[in-house]
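Visitor: The structure that follows is given in the form of structure tokens.
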Amino acid sequence: MSEQTHDGAVAVTAPPSPDAGLSRAELAAKYGLSVSGARPSLAAYVRQLWGRRHFILAFSQAKLTAQYSQAKLGQLWQVATPLLNAAVYFLIFGLILNAGRGMDKDVYIPFLVTGVFVFTFTQTSVMAGVRAIAGNLGLVRALHFPRASLPISFALQQLQQLLVSMIVLFAIAIAFGSYPSGSWLLIVPTLALQFVFNVGLSLIMARLGSKTPDLAQLMPFVMRTWMYASGVMFSIPIMLKDKPAWIADILMYNPAAIYMDLIRFSLIDGYTASNLPDHVWFAALLWAVLAGAAGFVYFWKAEERYGRG
């Protein structure tokens, strides 16, 4: 388009843009553009995580290898740390406070070691989840990937560490008269349910910890209180037999106690079903589904905000 100016020159004007008058949202829709880092749909998010499954596994293995790389004993600390904790608890609670009353020594020692190992699995998953985003901001800000990969990989790291520790736990059980049997197979579904539960908690704590770094300082006190309330060092029914029944029920149905008791029931011959609450497998499944689903959705809701601000 052109027109004659007053001095005889010809001025050329551009034709009107076909995008004139369109809003930014309309322009983005027209050209297929999307906001960088925008939260995908829940189904798309699950597909993205599945696509990063090799990264999640490799990242968890690398973290596990690096965890004790500066120690001379290296990976032996994966087993030595919970064993030393169990030894301390046995000295204080088993010998001095007689927390194992009502149980034979052949039952109480594997009972205690199992409780320490299994609760440590949940404890370390939660603590790692608190720092999953806040402690990896460089990675979060530099690369585009589903952020749930981080807390999931940390929970997977703790599962791998527990599986190594289980070799020692099996040896202790055998040493105190609990030999391999069909009930040992129940350990597999129990650990699977506990892993899902731990992942859900880790995702919740990762979102909370991403905005509240001080949470990492508070959580050790919370976890210690949870440990004492879950019967790690003592049998809840025996210790609370003189208390109102509802107190023991609340403590026995808390998820940490449920997963510990299921592993104990599976592994220790003298730890019978009478020590378990009613409908224990349903409760274990319910805790896993609730924590896993709620944690995943809660974390996904803030996907676009991680690493910003």
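Each chain in the structure tokens gets a letter, A, B and so on, in the order shown; residues start at 1 in every chain, and ligands are counted from 1 in the order they appear.
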Per residue of region 154-264 of chain A within 7 Å of region 288-294 of chain A, which atom pair is closest and at what distance in Å (one decimal), using only C-alpha atoms, listed by chain and increasing number, as a Markdown table?

Guide:
```
| residue | atom | partner | partner_atom | distance |
| --- | --- | --- | --- | --- |
| A:Leu193 | CA | A:Ala288 | CA | 5.5 |
| A:Gln194 | CA | A:Ala288 | CA | 6.6 |
| A:Val196 | CA | A:Ala288 | CA | 5.5 |
| A:Phe197 | CA | A:Ala288 | CA | 4.3 |
| A:Val199 | CA | A:Gly292 | CA | 6.3 |
| A:Gly200 | CA | A:Gly292 | CA | 3.9 |
| A:Leu201 | CA | A:Ala291 | CA | 6.3 |
```

Visitor: Filtering to C-alpha atoms, could you give me those residues as a PDB file, in the first residue's frame?

Guide:
```pdb
ATOM      1  CA  LEU A 193       2.970 -50.588  50.482  1.00  0.00           C
ATOM      2  CA  GLN A 194       5.386 -48.814  52.802  1.00  0.00           C
ATOM      3  CA  VAL A 196       4.163 -45.979  48.309  1.00  0.00           C
ATOM      4  CA  PHE A 197       3.326 -44.473  51.693  1.00  0.00           C
ATOM      5  CA  VAL A 199       6.747 -41.568  48.538  1.00  0.00           C
ATOM      6  CA  GLY A 200       3.486 -39.789  49.387  1.00  0.00           C
ATOM      7  CA  LEU A 201       4.958 -38.335  52.584  1.00  0.00           C
TER       8      LEU A 201
END
```

Visitor: What's the 6 Å shell around Val113 (chain A), counting only C-alpha atoms, without same-chain residues fewer than 3 positions away, as an NGL selection string?

Guide: :A and (86 or 110 or 116)

Visitor: Using the selection just defined, write its residues with all heavy atoms as a compact mmCIF listing (two decimals), in the first residue's frame.

Guide:
```txt
# COMPACT_ATOMS: atom_id res chain seq x y z
N ALA A 86 20.19 -49.69 66.90
CA ALA A 86 19.50 -50.80 67.57
C ALA A 86 20.25 -51.22 68.83
O ALA A 86 19.63 -51.54 69.86
CB ALA A 86 19.36 -51.97 66.61
N PRO A 110 15.28 -59.54 67.58
CA PRO A 110 14.85 -59.29 66.20
C PRO A 110 13.68 -58.32 66.10
O PRO A 110 13.57 -57.56 65.13
CB PRO A 110 14.47 -60.68 65.66
CG PRO A 110 14.58 -61.62 66.78
CD PRO A 110 15.21 -60.96 67.93
N VAL A 116 13.73 -50.81 64.24
CA VAL A 116 14.68 -49.74 63.91
C VAL A 116 14.88 -49.64 62.41
O VAL A 116 14.84 -48.54 61.83
CB VAL A 116 16.02 -49.97 64.63
CG1 VAL A 116 17.06 -48.97 64.15
CG2 VAL A 116 15.84 -49.85 66.15
```

Visitor: Got a sec: who's within 7 Å of Ala99 (chain A), counting only C-alpha atoms, leaving out chain neighbours fewer than 6 positions off, as a short mmCIF file (atom, residue, chain, number, x, y, z; two decimals) with all heavy atoms, in the first residue's frame?

Guide:
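What follows is the written file selection-v8.cif:
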```cif
data_model
loop_
_atom_site.label_atom_id
_atom_site.label_comp_id
_atom_site.auth_asym_id
_atom_site.auth_seq_id
_atom_site.Cartn_x
_atom_site.Cartn_y
_atom_site.Cartn_z
N PHE A 93 16.64 -49.38 76.41
CA PHE A 93 15.25 -49.84 76.58
C PHE A 93 15.17 -51.33 76.93
O PHE A 93 14.32 -51.73 77.72
CB PHE A 93 14.45 -49.56 75.31
CG PHE A 93 14.23 -48.10 75.05
CD1 PHE A 93 15.10 -47.37 74.26
CD2 PHE A 93 13.15 -47.44 75.61
CE1 PHE A 93 14.90 -46.01 74.02
CE2 PHE A 93 12.93 -46.09 75.39
CZ PHE A 93 13.82 -45.37 74.59
N MET A 233 10.64 -49.71 70.09
CA MET A 233 11.42 -50.37 71.14
C MET A 233 10.58 -51.23 72.08
O MET A 233 11.12 -51.89 72.95
CB MET A 233 12.15 -49.32 71.98
CG MET A 233 13.28 -48.62 71.25
SD MET A 233 12.74 -47.29 70.15
CE MET A 233 12.06 -46.11 71.29
N PHE A 234 9.27 -51.22 71.93
CA PHE A 234 8.43 -51.96 72.87
C PHE A 234 7.14 -52.39 72.17
O PHE A 234 6.77 -51.85 71.12
CB PHE A 234 8.09 -51.11 74.09
CG PHE A 234 7.43 -49.80 73.75
CD1 PHE A 234 6.06 -49.71 73.57
CD2 PHE A 234 8.19 -48.65 73.59
CE1 PHE A 234 5.45 -48.51 73.25
CE2 PHE A 234 7.60 -47.44 73.27
CZ PHE A 234 6.23 -47.36 73.09
#
```

Visitor: Using only C-alpha atoms, which residues sit within 12 Å of Gly102 (chain A) once same-chain residues fewer than 3 positions away are excluded, as a list of chain:residue names?

Guide: A:Gly94, A:Asn98, A:Ala99, A:Lys105, A:Asp106, A:Val107, A:Tyr108, A:Phe234, A:Ser235, A:Ile236, A:Pro237, A:Ile238, A:Met239, A:Lys241, A:Gly270, A:Tyr271, A:Asn275

Visitor: Please provide as a JSON list (two decimals) with all heavy atoms, in the first residue's frame all residues within 8 Å of region 247-262 of chain A, with the sequence filter that same-chain residues fewer than 4 positions apart are discarded (counting only C-alpha atoms).

Guide:
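What landed in out37.json:
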```json
[["chain", "number", "residue", "atom", "x", "y", "z"],
["A", 114, "THR", "N", 14.24, -55.10, 63.79],
["A", 114, "THR", "CA", 13.26, -54.91, 62.71],
["A", 114, "THR", "C", 12.60, -53.54, 62.82],
["A", 114, "THR", "O", 12.45, -52.82, 61.82],
["A", 114, "THR", "CB", 12.19, -56.01, 62.74],
["A", 114, "THR", "OG1", 12.81, -57.29, 62.61],
["A", 114, "THR", "CG2", 11.18, -55.81, 61.62],
["A", 115, "GLY", "N", 12.19, -53.17, 64.03],
["A", 115, "GLY", "CA", 11.55, -51.87, 64.22],
["A", 115, "GLY", "C", 12.46, -50.72, 63.84],
["A", 115, "GLY", "O", 12.03, -49.78, 63.17],
["A", 118, "VAL", "N", 12.96, -50.73, 59.88],
["A", 118, "VAL", "CA", 11.76, -50.37, 59.11],
["A", 118, "VAL", "C", 11.36, -48.93, 59.37],
["A", 118, "VAL", "O", 10.98, -48.19, 58.44],
["A", 118, "VAL", "CB", 10.60, -51.33, 59.43],
["A", 118, "VAL", "CG1", 9.32, -50.90, 58.74],
["A", 118, "VAL", "CG2", 10.97, -52.75, 59.01],
["A", 119, "PHE", "N", 11.44, -48.48, 60.63],
["A", 119, "PHE", "CA", 11.10, -47.08, 60.88],
["A", 119, "PHE", "C", 12.12, -46.14, 60.25],
["A", 119, "PHE", "O", 11.75, -45.06, 59.77],
["A", 119, "PHE", "CB", 11.01, -46.80, 62.39],
["A", 119, "PHE", "CG", 10.54, -45.41, 62.70],
["A", 119, "PHE", "CD1", 9.19, -45.10, 62.68],
["A", 119, "PHE", "CD2", 11.45, -44.39, 62.96],
["A", 119, "PHE", "CE1", 8.75, -43.81, 62.92],
["A", 119, "PHE", "CE2", 11.02, -43.09, 63.20],
["A", 119, "PHE", "CZ", 9.66, -42.80, 63.19],
["A", 122, "THR", "N", 11.17, -45.09, 56.74],
["A", 122, "THR", "CA", 10.23, -43.98, 56.66],
["A", 122, "THR", "C", 10.87, -42.67, 57.10],
["A", 122, "THR", "O", 10.70, -41.62, 56.46],
["A", 122, "THR", "CB", 8.98, -44.27, 57.52],
["A", 122, "THR", "OG1", 8.26, -45.38, 56.97],
["A", 122, "THR", "CG2", 8.05, -43.06, 57.58],
["A", 187, "ILE", "N", 6.92, -60.09, 53.31],
["A", 187, "ILE", "CA", 7.75, -58.88, 53.41],
["A", 187, "ILE", "C", 7.67, -58.06, 52.12],
["A", 187, "ILE", "O", 7.70, -56.83, 52.16],
["A", 187, "ILE", "CB", 9.21, -59.28, 53.71],
["A", 187, "ILE", "CG1", 9.31, -59.90, 55.11],
["A", 187, "ILE", "CG2", 10.15, -58.09, 53.60],
["A", 187, "ILE", "CD1", 10.67, -60.47, 55.43],
["A", 190, "THR", "N", 4.50, -55.91, 51.92],
["A", 190, "THR", "CA", 4.57, -54.93, 53.00],
["A", 190, "THR", "C", 5.51, -53.78, 52.64],
["A", 190, "THR", "O", 5.16, -52.60, 52.80],
["A", 190, "THR", "CB", 5.04, -55.59, 54.31],
["A", 190, "THR", "OG1", 4.15, -56.66, 54.64],
["A", 190, "THR", "CG2", 5.04, -54.58, 55.44],
["A", 191, "LEU", "N", 6.68, -54.12, 52.13],
["A", 191, "LEU", "CA", 7.64, -53.07, 51.75],
["A", 191, "LEU", "C", 7.12, -52.26, 50.56],
["A", 191, "LEU", "O", 7.38, -51.06, 50.46],
["A", 191, "LEU", "CB", 8.99, -53.69, 51.41],
["A", 191, "LEU", "CG", 9.81, -54.21, 52.60],
["A", 191, "LEU", "CD1", 11.16, -54.73, 52.12],
["A", 191, "LEU", "CD2", 10.01, -53.12, 53.64],
["A", 194, "GLN", "N", 4.67, -49.84, 52.04],
["A", 194, "GLN", "CA", 5.39, -48.81, 52.80],
["A", 194, "GLN", "C", 6.11, -47.85, 51.87],
["A", 194, "GLN", "O", 6.18, -46.65, 52.14],
["A", 194, "GLN", "CB", 6.38, -49.45, 53.77],
["A", 194, "GLN", "CG", 7.02, -48.43, 54.71],
["A", 194, "GLN", "CD", 8.04, -49.04, 55.64],
["A", 194, "GLN", "OE1", 8.42, -50.20, 55.49],
["A", 194, "GLN", "NE2", 8.52, -48.27, 56.59],
["A", 229, "ALA", "N", 6.18, -43.16, 69.61],
["A", 229, "ALA", "CA", 4.75, -43.48, 69.64],
["A", 229, "ALA", "C", 4.39, -44.69, 68.78],
["A", 229, "ALA", "O", 3.22, -45.10, 68.77],
["A", 229, "ALA", "CB", 3.94, -42.27, 69.19],
["A", 230, "SER", "N", 5.37, -45.25, 68.08],
["A", 230, "SER", "CA", 5.07, -46.32, 67.13],
["A", 230, "SER", "C", 5.49, -47.70, 67.60],
["A", 230, "SER", "O", 5.35, -48.67, 66.86],
["A", 230, "SER", "CB", 5.75, -46.01, 65.78],
["A", 230, "SER", "OG", 5.26, -44.80, 65.25],
["A", 231, "GLY", "N", 6.03, -47.79, 68.81],
["A", 231, "GLY", "CA", 6.40, -49.11, 69.32],
["A", 231, "GLY", "C", 7.64, -49.69, 68.69],
["A", 231, "GLY", "O", 7.73, -50.91, 68.49],
["A", 232, "VAL", "N", 8.61, -48.84, 68.37],
["A", 232, "VAL", "CA", 9.87, -49.34, 67.81],
["A", 232, "VAL", "C", 10.61, -50.18, 68.84],
["A", 232, "VAL", "O", 11.15, -51.24, 68.54],
["A", 232, "VAL", "CB", 10.76, -48.17, 67.33],
["A", 232, "VAL", "CG1", 12.13, -48.68, 66.88],
["A", 232, "VAL", "CG2", 10.08, -47.43, 66.18],
["A", 236, "ILE", "N", 3.35, -52.27, 71.91],
["A", 236, "ILE", "CA", 2.32, -51.33, 72.33],
["A", 236, "ILE", "C", 1.24, -52.01, 73.18],
["A", 236, "ILE", "O", 0.88, -51.49, 74.25],
["A", 236, "ILE", "CB", 1.69, -50.63, 71.10],
["A", 236, "ILE", "CG1", 2.74, -49.73, 70.43],
["A", 236, "ILE", "CG2", 0.47, -49.81, 71.50],
["A", 236, "ILE", "CD1", 2.27, -49.11, 69.13],
["A", 237, "PRO", "N", 0.70, -53.17, 72.78],
["A", 237, "PRO", "CA", -0.35, -53.80, 73.63],
["A", 237, "PRO", "C", 0.16, -54.15, 75.02],
["A", 237, "PRO", "O", -0.58, -54.02, 76.01],
["A", 237, "PRO", "CB", -0.73, -55.05, 72.83],
["A", 237, "PRO", "CG", -0.32, -54.78, 71.45],
["A", 237, "PRO", "CD", 0.91, -53.94, 71.55],
["A", 240, "LEU", "N", 0.85, -50.87, 77.18],
["A", 240, "LEU", "CA", -0.34, -50.06, 77.47],
["A", 240, "LEU", "C", -1.52, -50.90, 77.95],
["A", 240, "LEU", "O", -2.67, -50.46, 77.87],
["A", 240, "LEU", "CB", -0.74, -49.26, 76.23],
["A", 240, "LEU", "CG", 0.29, -48.27, 75.70],
["A", 240, "LEU", "CD1", -0.25, -47.53, 74.48],
["A", 240, "LEU", "CD2", 0.70, -47.26, 76.77],
["A", 243, "LYS", "N", -3.77, -49.16, 80.34],
["A", 243, "LYS", "CA", -4.33, -47.89, 79.90],
["A", 243, "LYS", "C", -5.62, -48.13, 79.13],
["A", 243, "LYS", "O", -5.92, -49.25, 78.74],
["A", 243, "LYS", "CB", -3.32, -47.16, 79.00],
["A", 243, "LYS", "CG", -1.94, -46.96, 79.64],
["A", 243, "LYS", "CD", -2.02, -46.04, 80.84],
["A", 243, "LYS", "CE", -0.62, -45.82, 81.44],
["A", 243, "LYS", "NZ", -0.67, -44.98, 82.65],
["A", 266, "SER", "N", 5.86, -61.24, 59.66],
["A", 266, "SER", "CA", 6.35, -62.05, 58.54],
["A", 266, "SER", "C", 7.67, -62.74, 58.86],
["A", 266, "SER", "O", 7.93, -63.86, 58.41],
["A", 266, "SER", "CB", 6.53, -61.15, 57.30],
["A", 266, "SER", "OG", 5.34, -60.47, 56.98],
["A", 275, "ASN", "N", -0.57, -60.14, 67.96],
["A", 275, "ASN", "CA", 0.07, -58.85, 68.20],
["A", 275, "ASN", "C", -0.34, -57.78, 67.19],
["A", 275, "ASN", "O", 0.07, -56.62, 67.31],
["A", 275, "ASN", "CB", 1.59, -59.00, 68.15],
["A", 275, "ASN", "CG", 2.14, -59.88, 69.26],
["A", 275, "ASN", "OD1", 2.21, -59.49, 70.41],
["A", 275, "ASN", "ND2", 2.51, -61.11, 68.90],
["A", 276, "LEU", "N", -1.13, -58.18, 66.20],
["A", 276, "LEU", "CA", -1.52, -57.26, 65.14],
["A", 276, "LEU", "C", -2.93, -56.74, 65.38],
["A", 276, "LEU", "O", -3.78, -57.44, 65.91],
["A", 276, "LEU", "CB", -1.47, -57.96, 63.78],
["A", 276, "LEU", "CG", -0.13, -58.59, 63.37],
["A", 276, "LEU", "CD1", -0.27, -59.30, 62.04],
["A", 276, "LEU", "CD2", 0.97, -57.54, 63.31],
["A", 277, "PRO", "N", -3.20, -55.49, 64.97],
["A", 277, "PRO", "CA", -4.58, -54.98, 65.07],
["A", 277, "PRO", "C", -5.48, -55.65, 64.04],
["A", 277, "PRO", "O", -5.00, -56.26, 63.07],
["A", 277, "PRO", "CB", -4.40, -53.48, 64.77],
["A", 277, "PRO", "CG", -3.18, -53.40, 63.93],
["A", 277, "PRO", "CD", -2.26, -54.48, 64.43],
["A", 280, "VAL", "N", -5.44, -55.52, 59.60],
["A", 280, "VAL", "CA", -4.16, -54.82, 59.47],
["A", 280, "VAL", "C", -3.75, -54.63, 58.01],
["A", 280, "VAL", "O", -3.21, -53.58, 57.65],
["A", 280, "VAL", "CB", -3.07, -55.56, 60.27],
["A", 280, "VAL", "CG1", -2.83, -56.97, 59.71],
["A", 280, "VAL", "CG2", -1.78, -54.77, 60.29],
["A", 283, "ALA", "N", -5.71, -51.78, 56.57],
["A", 283, "ALA", "CA", -5.17, -50.52, 57.07],
["A", 283, "ALA", "C", -3.87, -50.15, 56.37],
["A", 283, "ALA", "O", -3.65, -48.98, 56.02],
["A", 283, "ALA", "CB", -4.95, -50.61, 58.58],
["A", 284, "ALA", "N", -3.00, -51.14, 56.13],
["A", 284, "ALA", "CA", -1.75, -50.88, 55.43],
["A", 284, "ALA", "C", -1.99, -50.39, 54.01],
["A", 284, "ALA", "O", -1.34, -49.44, 53.53],
["A", 284, "ALA", "CB", -0.90, -52.15, 55.41],
["A", 287, "TRP", "N", -3.53, -46.71, 54.14],
["A", 287, "TRP", "CA", -2.52, -45.67, 54.39],
["A", 287, "TRP", "C", -1.68, -45.42, 53.14],
["A", 287, "TRP", "O", -1.36, -44.27, 52.82],
["A", 287, "TRP", "CB", -1.64, -46.08, 55.56],
["A", 287, "TRP", "CG", -2.18, -45.76, 56.91],
["A", 287, "TRP", "CD1", -2.50, -46.66, 57.90],
["A", 287, "TRP", "CD2", -2.47, -44.46, 57.45],
["A", 287, "TRP", "NE1", -2.97, -46.00, 59.01],
["A", 287, "TRP", "CE2", -2.96, -44.65, 58.76],
["A", 287, "TRP", "CE3", -2.37, -43.17, 56.94],
["A", 287, "TRP", "CZ2", -3.33, -43.59, 59.58],
["A", 287, "TRP", "CZ3", -2.74, -42.10, 57.76],
["A", 287, "TRP", "CH2", -3.23, -42.31, 59.04]]
```

Visitor: When distances are computed from only C-alpha atoms, which of A:Ala173, A:Val79, A:Leu91, A:Leu267 shows the smallest separation from Leu185 (chain A)?

Guide: A:Leu267

Visitor: My list of candidates is A:Ala87, A:Ile133, A:Ile96, A:Ala206. Which is closest to Leu112 (chain A) when distances are computed with only C-alpha atoms?

Guide: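 Using only C-alpha atoms, the shortest distance to Leu112 (chain A) belongs to A:Ala87.
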
Visitor: Compare A:Leu83, A:Val126, A:Leu64, A:Ile92 by their minimum atom-to-atom distance to Trp226 (chain A), counting only C-alpha atoms, and give me the closest one.

Guide: A:Val126

Visitor: Of the candidates A:Met127, A:Ala58, A:Leu137, A:Leu84, which one gets nearest to Tyr306 (chain A) if we count only C-alpha atoms?

Guide: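 Of A:Met127, A:Ala58, A:Leu137, A:Leu84, the one nearest Tyr306 (chain A) is A:Leu137, counting only C-alpha atoms.
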
Visitor: Please provide the set of residues having any atom within 7 Å of region 146-155 of chain A, restricted to only C-alpha atoms, with same-chain residues fewer than 4 positions apart removed, written as a list in words.

Guide: Gln48, Leu49, Ile56, Leu57, Phe59, Ser60, Ser125, Ala128, Gly129, Ala132, Leu159, Asn198, Val199, Ser202, Leu203, Ala206 and Glu303 of chain A

Visitor: Find the residues around Gln78 (chain A) up to 12 Å (only C-alpha atoms counted), leave out those fewer than 3 positions away in its own chain, and share them as an MDAnalysis selection string.

Guide: chainID A and resid 64:69 71 73:75 81:85 117 120:121 124 157:168

Visitor: Go ahead and save the residues from that selection, with N, CA, C and O atoms, as a short mmCIF file (atom, residue, chain, number, x, y, z; two decimals), in the first residue's frame.

Guide:
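The result, stored in again-v4.cif:
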```cif
data_model
loop_
_atom_site.label_atom_id
_atom_site.label_comp_id
_atom_site.auth_asym_id
_atom_site.auth_seq_id
_atom_site.Cartn_x
_atom_site.Cartn_y
_atom_site.Cartn_z
N LEU A 64 22.98 -42.75 46.47
CA LEU A 64 23.30 -43.80 47.43
C LEU A 64 24.80 -44.07 47.45
O LEU A 64 25.41 -44.24 48.52
N THR A 65 25.42 -44.07 46.28
CA THR A 65 26.86 -44.31 46.20
C THR A 65 27.64 -43.16 46.82
O THR A 65 28.63 -43.36 47.52
N ALA A 66 27.18 -41.92 46.57
CA ALA A 66 27.90 -40.75 47.06
C ALA A 66 27.69 -40.49 48.55
O ALA A 66 28.47 -39.76 49.16
N GLN A 67 26.65 -41.11 49.14
CA GLN A 67 26.29 -40.80 50.52
C GLN A 67 27.43 -41.08 51.49
O GLN A 67 27.67 -40.33 52.43
N TYR A 68 28.14 -42.18 51.27
CA TYR A 68 29.22 -42.55 52.18
C TYR A 68 30.58 -42.56 51.46
O TYR A 68 31.50 -43.25 51.89
N SER A 69 30.69 -41.80 50.39
CA SER A 69 31.93 -41.85 49.59
C SER A 69 33.13 -41.32 50.35
O SER A 69 34.27 -41.69 50.04
N ALA A 71 33.61 -41.75 53.61
CA ALA A 71 33.89 -42.59 54.78
C ALA A 71 34.75 -43.78 54.38
O ALA A 71 34.58 -44.34 53.28
N LEU A 73 34.76 -46.78 55.62
CA LEU A 73 33.98 -48.01 55.53
C LEU A 73 32.99 -48.00 54.38
O LEU A 73 32.35 -49.01 54.10
N GLY A 74 32.80 -46.82 53.77
CA GLY A 74 31.95 -46.73 52.59
C GLY A 74 30.53 -47.20 52.83
O GLY A 74 29.87 -46.82 53.81
N GLN A 75 30.07 -48.09 51.94
CA GLN A 75 28.68 -48.53 51.97
C GLN A 75 28.34 -49.40 53.18
O GLN A 75 27.17 -49.65 53.44
N THR A 81 24.93 -48.14 60.58
CA THR A 81 24.20 -47.07 61.26
C THR A 81 22.93 -47.58 61.96
O THR A 81 22.75 -47.35 63.16
N PRO A 82 22.01 -48.26 61.26
CA PRO A 82 20.83 -48.76 62.00
C PRO A 82 21.18 -49.83 63.03
O PRO A 82 20.51 -49.93 64.06
N LEU A 83 22.24 -50.61 62.80
CA LEU A 83 22.64 -51.61 63.79
C LEU A 83 23.14 -50.95 65.07
O LEU A 83 22.83 -51.39 66.18
N LEU A 84 23.92 -49.88 64.92
CA LEU A 84 24.39 -49.15 66.10
C LEU A 84 23.22 -48.52 66.84
O LEU A 84 23.20 -48.50 68.08
N ASN A 85 22.26 -47.98 66.10
CA ASN A 85 21.06 -47.42 66.75
C ASN A 85 20.32 -48.51 67.52
O ASN A 85 19.88 -48.29 68.66
N PHE A 117 15.10 -50.77 61.75
CA PHE A 117 15.35 -50.76 60.30
C PHE A 117 14.14 -50.23 59.53
O PHE A 117 14.29 -49.40 58.63
N THR A 120 13.39 -46.52 60.25
CA THR A 120 14.42 -45.69 59.62
C THR A 120 14.11 -45.48 58.14
O THR A 120 14.39 -44.41 57.59
N PHE A 121 13.54 -46.47 57.50
CA PHE A 121 13.14 -46.35 56.09
C PHE A 121 12.18 -45.18 55.90
O PHE A 121 12.36 -44.34 55.01
N THR A 124 14.06 -41.62 57.09
CA THR A 124 15.01 -41.04 56.14
C THR A 124 14.32 -40.59 54.86
O THR A 124 14.75 -39.62 54.23
N GLN A 157 16.01 -44.27 46.88
CA GLN A 157 17.34 -44.43 47.47
C GLN A 157 17.26 -45.11 48.84
O GLN A 157 18.03 -46.02 49.16
N GLN A 158 16.30 -44.65 49.65
CA GLN A 158 16.15 -45.24 50.98
C GLN A 158 15.66 -46.69 50.91
O GLN A 158 16.04 -47.51 51.75
N LEU A 159 14.85 -47.00 49.91
CA LEU A 159 14.41 -48.39 49.73
C LEU A 159 15.59 -49.28 49.39
O LEU A 159 15.73 -50.39 49.94
N GLN A 160 16.46 -48.81 48.51
CA GLN A 160 17.64 -49.59 48.16
C GLN A 160 18.54 -49.80 49.38
O GLN A 160 19.11 -50.88 49.58
N GLN A 161 18.65 -48.77 50.20
CA GLN A 161 19.45 -48.90 51.41
C GLN A 161 18.84 -49.92 52.37
O GLN A 161 19.55 -50.71 53.00
N LEU A 162 17.51 -49.91 52.50
CA LEU A 162 16.85 -50.87 53.37
C LEU A 162 17.05 -52.29 52.86
O LEU A 162 17.26 -53.22 53.66
N LEU A 163 16.97 -52.49 51.55
CA LEU A 163 17.13 -53.82 51.00
C LEU A 163 18.51 -54.40 51.32
O LEU A 163 18.65 -55.61 51.57
N VAL A 164 19.53 -53.54 51.32
CA VAL A 164 20.86 -54.00 51.73
C VAL A 164 20.84 -54.38 53.21
O VAL A 164 21.40 -55.40 53.61
N SER A 165 20.19 -53.55 54.02
CA SER A 165 20.12 -53.82 55.46
C SER A 165 19.33 -55.08 55.76
O SER A 165 19.57 -55.73 56.79
N MET A 166 18.38 -55.45 54.90
CA MET A 166 17.56 -56.62 55.15
C MET A 166 18.39 -57.90 55.20
O MET A 166 18.01 -58.87 55.87
N ILE A 167 19.54 -57.91 54.52
CA ILE A 167 20.41 -59.09 54.57
C ILE A 167 20.87 -59.33 56.00
O ILE A 167 20.86 -60.46 56.51
N VAL A 168 21.25 -58.25 56.68
CA VAL A 168 21.66 -58.36 58.08
C VAL A 168 20.47 -58.72 58.96
O VAL A 168 20.58 -59.53 59.89
#
```

Visitor: Work out how far CA of Pro220 (chain A) is from CA of Val140 (chain A), in Å to one decimal.

Guide: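 Pair CA of Val140 (chain A) / CA of Pro220 (chain A) returns 25.2 Å.
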
Visitor: Interatomic distance between CA of Ile263 (chain A) and CA of Gly182 (chain A)?

Guide: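 Taking CA of Ile263 (chain A) as the start and CA of Gly182 (chain A) as the end point, the length is 13.0 Å.
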
Visitor: What separation in Å, quoted to one decimal, exists between CA of Val297 (chain A) and CA of Pro40 (chain A)?

Guide: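 Computed distance, CA of Val297 (chain A) to CA of Pro40 (chain A), equals 12.1 Å.
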